[in-house]
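Right, one structure below, let's go through it.
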Amino acid sequence: MIGGAPARPLSEVVVKVHGRCNLACDYCYVYRHADQSWRRKPAVMSRSTIDKLADRLGEQARSHSMPRLRVVLHGGEPLLAGVDLLRYVVRRIRGALPSETRATFLIQTNAVLLDEAVLRVFAEDDIRVGVSLDGSRATNDHHRRFAGGRSSHPAVVAALGLLGKQRFRHLYAGILCTVDVHSDPVETYEHLLSHQPPAMDLLLPHGNRVHPPPARPLDERRSAYGDWLVAVFDRWYGAPVPETRIRLFESLLDLLLGGRSSTEALGLNPIDIVTVDTDGSIEQGDALKSAADGAAATGMHLRTTSFDEVAQHPGIRARRSGLNALGPECRECPVVRICGGGLYAHRYDGTGFRNRSVYCPDLYHLVAHVHARLRADLLKLRRDDSGC
């Protein structure tokens with residue numbers, strides 16, 4: 001322990017099994033933003049590094065009698081590591097954990113290499129699959145192409161078709177979509193819905209107050225992002241029967257009803273996520289790479305540092321400190337306990353993170369809109385129950 005009281009264990013680890021990618025997405029925080037440290041790291045995680053990772057995770061789980069651990073296999077593109085290495089990661093970590101710790105494994109992939117042979121391996125080892133897709137072919141091709149310009153959409157759609165089959169459906173975790181405000185929001189949602197995902201996650205493109213995201217003016221006006229999200233919320237919320245889960249919207253509703261968020265993009269819940277890169281270096285949330293060179297770094301490594309020590313790192317402590325991590329403007333805002341200041345990386349202003357999110361007006365608009373709809377529905381239920 002570095003200092004202070006023992007910290008709560010880090011319950012989610014993002015494992016960079018491969019540090020390169022077979023797509024050239026123009027918004028990628030790994031390759032297209034401020035931090036270019038990937039160039040100095042090995043392309044693939046070695047088995048000796050995986051062994052050390054497993055031992056460290058087992059050490060933490062035993063120390064805290066952890067009931068659960070979530071492991072996300074990530075990249076780059078993790079499928080480039082090959083199924084043998086992916087299976088080794090999963091089995092080595094499971095074998096290192098005490099019997100009372102239940103580990104769940106998810107791979108987040110662009111899916112262009114996903115086929116039946118890969119899914120059979122995943123079924124054997126219970127590895128769930130999240131797929132990145134931004135919408136229709138035209139929308140997806142705005143940003144998610146191969147390096148030569150070829151569309152990735154047909155290969156992703158084919159992979160989603162396999163995940164939708166009965167024998168693999170239990171592995172299908174959902175679709176991750178980065179919002180493109182130049183797309184039609186409802187059309188995008190309905191295209192994603194056509195692939196029958198059990199869940200979706202909508203991500204705002206990474207940017208901050210130094211480097212704003214596309215189409216996001218640095219003033220107090222609501223931009224197209226707020227309107228885009230509201231349009232999708234209304235379509236999703238107004239469906240006569242539930243169609244899929246959307247983590248951003250479900251978290252927002254839960255927070256408005258006094259519950260907790262399941263995404264670090266909203267709310268004041270402490271963040272329990274840490275990243276391990278291909279060389280065994282331990283980093284904070286990967287999105288911080290979009291802020292500044294070295295913003296995600298901790299200077300810690302699996303060889304020398306336990307996860308309990310990582311949890312005491314000042315940057316990780318700041319990301320787990322809720323309201324105390326926010327500047328005075330946010331702390332005085334009437335919706336701060338709902339929006340939570342937005343994603344930590346989106347608050348960067350060139351000197352630090354104690355600022356409003358670059359998406360502040362958009363988040364405020366979304367929160368206010370959802371609050372109004374929820375309040376109207378609750379009032380209607382009360383009137384109906386009272387017979388008035």
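Ligands are numbered from 1 in the order shown, chains are lettered A, B, ... in the order of the structure tokens, and residues start at 1 in each chain.
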ask   = Skipping near chain neighbours, those fewer than 4 positions away, what residues fall within 6 Å of range 339-353 of chain A using only C-alpha atoms, listed as a PyMOL selection string?
value = chain A and resi 207-210+265-268+288+357-358
query = If you run DSSP on this backbone, which residues of range 100-167 of chain A come out as strand (DSSP E), and could you give them as a PyMOL selection string?
reply = chain A and resi 102-109+127-132
Selected residues, C-alpha atoms, written as a CSV table (one decimal), in the first residue's frame, please.
chain,number,residue,atom,x,y,z
A,102,ARG,CA,-16.6,-15.3,-10.1
A,103,ALA,CA,-14.9,-13.9,-13.2
A,104,THR,CA,-16.8,-12.7,-16.2
A,105,PHE,CA,-15.0,-12.2,-19.5
A,106,LEU,CA,-15.9,-9.9,-22.4
A,107,ILE,CA,-14.1,-9.2,-25.6
A,108,GLN,CA,-14.7,-5.9,-27.3
A,109,THR,CA,-14.0,-6.3,-31.0
A,127,ILE,CA,-16.3,-15.3,-23.4
A,128,ARG,CA,-19.0,-12.8,-24.2
A,129,VAL,CA,-18.7,-10.6,-27.3
A,130,GLY,CA,-19.3,-6.8,-27.6
A,131,VAL,CA,-19.1,-5.5,-31.2
A,132,SER,CA,-18.3,-2.0,-32.3
inquiry  = as a PyMOL selection string, please: the residues near Leu176 in chain A (cut-off 12 Å, only C-alpha atoms, same-chain neighbours under 6 positions excluded).
reply    = chain A and resi 107-111+129-135+140+189+192-193+197-204+245-248
task = Would you kindly return, as a list of chain:residue names, each protein, DNA or RNA residue with an atom no farther than 9 Å from any atom of Pro205 in chain A, considering only C-alpha atoms and excluding same-chain residues fewer than 2 positions away?
result = A:Tyr27, A:Cys28, A:Thr178, A:Val179, A:Asp180, A:Leu203, A:Gly207, A:Pro213, A:Pro214
task = Fewer than 4 positions away in the same chain doesn't count, so skip those; otherwise give me all residues within 9 Å of range 365-381 of chain A, counting only C-alpha atoms, as JSON, numbers by chain.
result = {"A": [222, 226, 227, 229, 230, 233, 234, 249, 252, 253, 256, 335, 338, 339, 360, 361, 385, 386]}
ask   = Out of range 152-183 of chain A, which residues get helix (DSSP H, G or I) from DSSP, as number ranges by chain?
value = A: 153-163, 169-171
Take the residues that were just selected and, keeping C-alpha atoms, output them as a short mmCIF file (atom, residue, chain, number, x, y, z; two decimals), in the first residue's frame.
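Done, and the output landed in selection.cif:
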data_model
loop_
_atom_site.label_atom_id
_atom_site.label_comp_id
_atom_site.auth_asym_id
_atom_site.auth_seq_id
_atom_site.Cartn_x
_atom_site.Cartn_y
_atom_site.Cartn_z
CA HIS A 153 -19.54 -2.87 -42.49
CA PRO A 154 -20.26 -6.10 -44.45
CA ALA A 155 -17.85 -8.15 -42.31
CA VAL A 156 -19.31 -6.75 -39.08
CA VAL A 157 -22.87 -7.46 -40.20
CA ALA A 158 -21.88 -11.04 -41.04
CA ALA A 159 -20.38 -11.47 -37.57
CA LEU A 160 -23.51 -10.05 -35.94
CA GLY A 161 -25.52 -12.58 -37.92
CA LEU A 162 -23.49 -15.38 -36.36
CA LEU A 163 -23.94 -13.96 -32.86
CA ARG A 169 -26.78 -15.99 -28.81
CA HIS A 170 -25.73 -16.42 -25.17
CA LEU A 171 -22.34 -14.91 -26.04
#
message = One decimal, in Å: what's the spacing between CA of Asp293 in chain A and CA of Val71 in chain A?
response = 25.4 Å
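Minimum distance to Ala297 in chain A across A:Val276, A:Leu119, A:Val186, A:Ala43 (counting only C-alpha atoms) occurs at A:Val276.
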key: Given only C-alpha atoms as the counted atoms, nearest of A:Gly19, A:Gly148, A:Gly258, A:Gly315 to Gln284 in chain A   = A:Gly315
query = Hey, what's within 12 Å of Lys41 in chain A if we count only C-alpha atoms and toss same-chain stuff fewer than 5 positions away? As an MDAnalysis selection string, please?
reply = chainID A and resid 16:20 36 46 76 276:281
Keeping only N, CA and C atoms, write the selected residues as a PDB file, in the first residue's frame.
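Heads up, here's the output in part-v4.pdb:
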ATOM      1  N   LYS A  16      -5.154  -5.214 -22.523  1.00  0.00           N
ATOM      2  CA  LYS A  16      -4.766  -4.932 -23.911  1.00  0.00           C
ATOM      3  C   LYS A  16      -3.970  -6.112 -24.449  1.00  0.00           C
ATOM      4  N   VAL A  17      -4.681  -7.108 -24.938  1.00  0.00           N
ATOM      5  CA  VAL A  17      -3.988  -8.308 -25.403  1.00  0.00           C
ATOM      6  C   VAL A  17      -3.247  -8.067 -26.712  1.00  0.00           C
ATOM      7  N   HIS A  18      -3.714  -7.093 -27.497  1.00  0.00           N
ATOM      8  CA  HIS A  18      -3.041  -6.745 -28.749  1.00  0.00           C
ATOM      9  C   HIS A  18      -3.069  -5.231 -28.920  1.00  0.00           C
ATOM     10  N   GLY A  19      -1.924  -4.669 -29.293  1.00  0.00           N
ATOM     11  CA  GLY A  19      -1.800  -3.220 -29.359  1.00  0.00           C
ATOM     12  C   GLY A  19      -1.881  -2.622 -30.737  1.00  0.00           C
ATOM     13  N   ARG A  20      -2.288  -3.411 -31.718  1.00  0.00           N
ATOM     14  CA  ARG A  20      -2.434  -2.901 -33.083  1.00  0.00           C
ATOM     15  C   ARG A  20      -3.857  -3.184 -33.550  1.00  0.00           C
ATOM     16  N   GLN A  36       0.663   8.757 -27.953  1.00  0.00           N
ATOM     17  CA  GLN A  36       1.139   7.839 -28.989  1.00  0.00           C
ATOM     18  C   GLN A  36       2.047   6.757 -28.403  1.00  0.00           C
ATOM     19  N   SER A  46       2.696 -10.868 -24.018  1.00  0.00           N
ATOM     20  CA  SER A  46       3.377 -12.151 -23.906  1.00  0.00           C
ATOM     21  C   SER A  46       2.713 -13.029 -22.854  1.00  0.00           C
ATOM     22  N   GLY A  76      -6.262  -1.663 -29.387  1.00  0.00           N
ATOM     23  CA  GLY A  76      -6.158  -2.388 -30.633  1.00  0.00           C
ATOM     24  C   GLY A  76      -7.366  -3.275 -30.906  1.00  0.00           C
ATOM     25  N   VAL A 276      -4.451  -2.675 -18.255  1.00  0.00           N
ATOM     26  CA  VAL A 276      -3.115  -3.253 -18.337  1.00  0.00           C
ATOM     27  C   VAL A 276      -2.738  -3.340 -19.812  1.00  0.00           C
ATOM     28  N   ASP A 277      -1.638  -2.679 -20.180  1.00  0.00           N
ATOM     29  CA  ASP A 277      -1.222  -2.629 -21.581  1.00  0.00           C
ATOM     30  C   ASP A 277      -0.398  -3.855 -21.950  1.00  0.00           C
ATOM     31  N   THR A 278      -0.070  -3.966 -23.233  1.00  0.00           N
ATOM     32  CA  THR A 278       0.598  -5.168 -23.734  1.00  0.00           C
ATOM     33  C   THR A 278       1.931  -5.444 -23.065  1.00  0.00           C
ATOM     34  N   ASP A 279       2.613  -4.402 -22.578  1.00  0.00           N
ATOM     35  CA  ASP A 279       3.920  -4.587 -21.938  1.00  0.00           C
ATOM     36  C   ASP A 279       3.830  -4.821 -20.439  1.00  0.00           C
ATOM     37  N   GLY A 280       2.600  -4.880 -19.905  1.00  0.00           N
ATOM     38  CA  GLY A 280       2.425  -5.075 -18.471  1.00  0.00           C
ATOM     39  C   GLY A 280       2.355  -3.783 -17.686  1.00  0.00           C
ATOM     40  N   SER A 281       2.467  -2.645 -18.364  1.00  0.00           N
ATOM     41  CA  SER A 281       2.301  -1.374 -17.651  1.00  0.00           C
ATOM     42  C   SER A 281       0.837  -1.203 -17.279  1.00  0.00           C
TER      43      SER A 281
END
remark   = As a check of understanding: the span from CA of Ser290 in chain A to CA of Phe146 in chain A is 21.2 Å
request  = Would you mind telling me which residue in A:Pro67, A:Gly58, A:Gly75, A:Pro212 lies nearest to Tyr31 in chain A when using only C-alpha atoms?
outcome  =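 Using only C-alpha atoms, the shortest distance to Tyr31 in chain A belongs to A:Gly75.
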